[in-house]
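Take a look at the structure set out below.
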Amino acid sequence: MKYSKIIIVVTLLLFQLGAAQEKADVVLNKAFTEAKAGKKNVLLVFHASWCKWCKMMEKNMDLPETKPIFDKRFVTAYVDVQERGDKRSLENPGGQELMNKYKGGTAGLPFWVILNPKGEVLADSFDAKGENLGSPATPEEVNTFIAKVGKASKLSNEESQIIEKVFVKK
């Protein structure tokens with residue numbers, strides 16, 4: 001009886017360890033593998049559960065009219081960073097270090113970079129002034145976002161207009 005309790009406790013502990021978030025480099029490497037196979041680029045988005053702008057960006061990218069545009073060109077990978085309190089367990093280990101690598105450590109959230117399958121940066125979420133676009137919402141921010149996405153992967157005029165219509169906050 002004593003040994004069965006020990007086995008149960010050890011099993012539960014191992015299960016909890018297995019339920020921990022994936023390391024950020026594992027998330028990114030999976031995205032690179034998928035991108036290489038699909039001849040796409042990687043859209044790496046750093047976000048947090050408390051971030052309303054992160055949720056807005058994800059929602060805008062996942063709408064029926066925009067999702068096919070992004071899915072056609074990108075493997076989107078999300079890395080959870082900067083969580084607070086009891087939500088820290090949601091973070092991907094190494095996520096903040098990865099964000100720092102792409103110079104987004106103090107940029108705010110969401111922060112995103114577009115990478116080719118070799119890991120080279122094609123675009124990031126900094127505008128011409130060096131400020132983080134995050135989840136673009138103003139006409140200027142959205143136009144900069146469209147230009148960056150278009151630079152990394154050509155967009156048609158129709159696709160650009162769809163992204164603009166969805167992202168510009170009314």
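Letters for chains follow the order of the structure tokens (A, B, ...), residue numbers begin at 1 for each chain, and ligand numbers begin at 1 in the order shown.
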Which region 28-132 of chain A residues have any atom within 10 Å of an atom of region 148-152 of chain A, and for each, what is the nearest pair of atoms with distance in Å to one decimal, counting only C-alpha atoms, rows sorted by chain and number, as a Markdown table?
```
| residue | atom | partner | partner_atom | distance |
| --- | --- | --- | --- | --- |
| A:Lys40 | CA | A:Ala152 | CA | 9.8 |
| A:Asn41 | CA | A:Ala152 | CA | 7.7 |
| A:Val42 | CA | A:Ala152 | CA | 9.7 |
| A:Leu43 | CA | A:Val149 | CA | 9.3 |
| A:Phe70 | CA | A:Val149 | CA | 9.2 |
| A:Arg73 | CA | A:Ala152 | CA | 8.9 |
| A:Phe74 | CA | A:Ala152 | CA | 9.5 |
| A:Val113 | CA | A:Lys148 | CA | 9.8 |
| A:Ile114 | CA | A:Ala152 | CA | 7.1 |
| A:Leu115 | CA | A:Ala152 | CA | 8.3 |
| A:Asn116 | CA | A:Ala152 | CA | 8.3 |
| A:Val121 | CA | A:Ala152 | CA | 9.3 |
| A:Leu122 | CA | A:Ala152 | CA | 5.8 |
| A:Ala123 | CA | A:Lys148 | CA | 5.9 |
| A:Asp124 | CA | A:Lys148 | CA | 7.6 |
| A:Ser125 | CA | A:Lys148 | CA | 8.3 |
| A:Phe126 | CA | A:Lys148 | CA | 9.8 |
| A:Asp127 | CA | A:Lys148 | CA | 9.5 |
```
Would you put the residues from that selection into a file with C-alpha atoms, as a short mmCIF file (atom, residue, chain, number, x, y, z; two decimals), in the first residue's frame?
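And here's out08.cif as it stands now:
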```
data_model
loop_
_atom_site.label_atom_id
_atom_site.label_comp_id
_atom_site.auth_asym_id
_atom_site.auth_seq_id
_atom_site.Cartn_x
_atom_site.Cartn_y
_atom_site.Cartn_z
CA LYS A 40 6.65 29.59 -46.16
CA ASN A 41 8.11 32.07 -43.72
CA VAL A 42 7.62 32.11 -39.96
CA LEU A 43 5.59 34.77 -38.21
CA PHE A 70 -1.64 34.50 -43.32
CA ARG A 73 2.40 32.62 -46.50
CA PHE A 74 3.36 31.95 -42.90
CA VAL A 113 9.20 39.09 -36.24
CA ILE A 114 8.99 37.50 -39.67
CA LEU A 115 11.76 34.99 -40.33
CA ASN A 116 12.66 32.92 -43.34
CA VAL A 121 14.88 38.28 -40.02
CA LEU A 122 12.81 39.60 -42.92
CA ALA A 123 10.77 42.11 -40.90
CA ASP A 124 9.94 43.02 -37.34
CA SER A 125 7.28 45.01 -35.55
CA PHE A 126 9.32 48.20 -35.23
CA ASP A 127 8.15 51.20 -37.25
#
```
Those in region 54-168 of chain A with strand (DSSP E) from DSSP, as a PyMOL selection string: chain A and resi 74-80+111-115+121-124
Members of chain A assigned alpha helix (DSSP H) by DSSP, as a ChimeraX atom specification: /A:2-18,24-38,52-62,67-73,95-101,139-152,157-167
Fewer than 5 positions away in the same chain doesn't count, so skip those; otherwise give me all residues within 9 Å of Met57 (chain A), counting only C-alpha atoms, as a short mmCIF file (atom, residue, chain, number, x, y, z; two decimals) with N, CA, C and O atoms, in the first residue's frame.
```
data_model
loop_
_atom_site.label_atom_id
_atom_site.label_comp_id
_atom_site.auth_asym_id
_atom_site.auth_seq_id
_atom_site.Cartn_x
_atom_site.Cartn_y
_atom_site.Cartn_z
N LYS A 52 -4.39 42.57 -23.90
CA LYS A 52 -5.57 42.73 -24.77
C LYS A 52 -5.18 42.97 -26.22
O LYS A 52 -5.86 42.53 -27.13
N ASP A 62 -7.00 35.50 -37.19
CA ASP A 62 -7.75 34.24 -37.27
C ASP A 62 -9.15 34.38 -37.85
O ASP A 62 -9.89 33.39 -37.91
N PRO A 110 1.90 42.91 -28.22
CA PRO A 110 2.66 41.83 -28.83
C PRO A 110 3.88 42.38 -29.57
O PRO A 110 3.89 43.52 -30.03
N GLY A 134 3.21 46.51 -32.46
CA GLY A 134 2.36 45.60 -31.71
C GLY A 134 1.24 45.08 -32.59
O GLY A 134 1.48 44.58 -33.68
N SER A 135 0.03 45.21 -32.11
CA SER A 135 -1.14 44.89 -32.91
C SER A 135 -1.56 46.18 -33.60
O SER A 135 -2.14 47.06 -32.98
N PRO A 136 -1.27 46.31 -34.88
CA PRO A 136 -1.55 47.59 -35.55
C PRO A 136 -3.05 47.89 -35.56
O PRO A 136 -3.87 46.99 -35.75
N PHE A 167 -7.93 45.17 -39.66
CA PHE A 167 -7.05 45.64 -38.60
C PHE A 167 -7.30 47.08 -38.15
O PHE A 167 -7.07 47.41 -36.99
#
```
Counting only C-alpha atoms, the residue of A:Val81, A:Ala137, A:Ile69, A:Val27 that sits nearest Glu159 (chain A):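 Ranking A:Val81, A:Ala137, A:Ile69, A:Val27 by distance to Glu159 (chain A), first place goes to A:Ile69.
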Which of A:Leu155, A:Leu133, A:Leu90, A:Ala77 sits closest to Glu34 (chain A) [using only C-alpha atoms]: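 Answer, going by the shortest atom-to-atom distance: A:Ala77.
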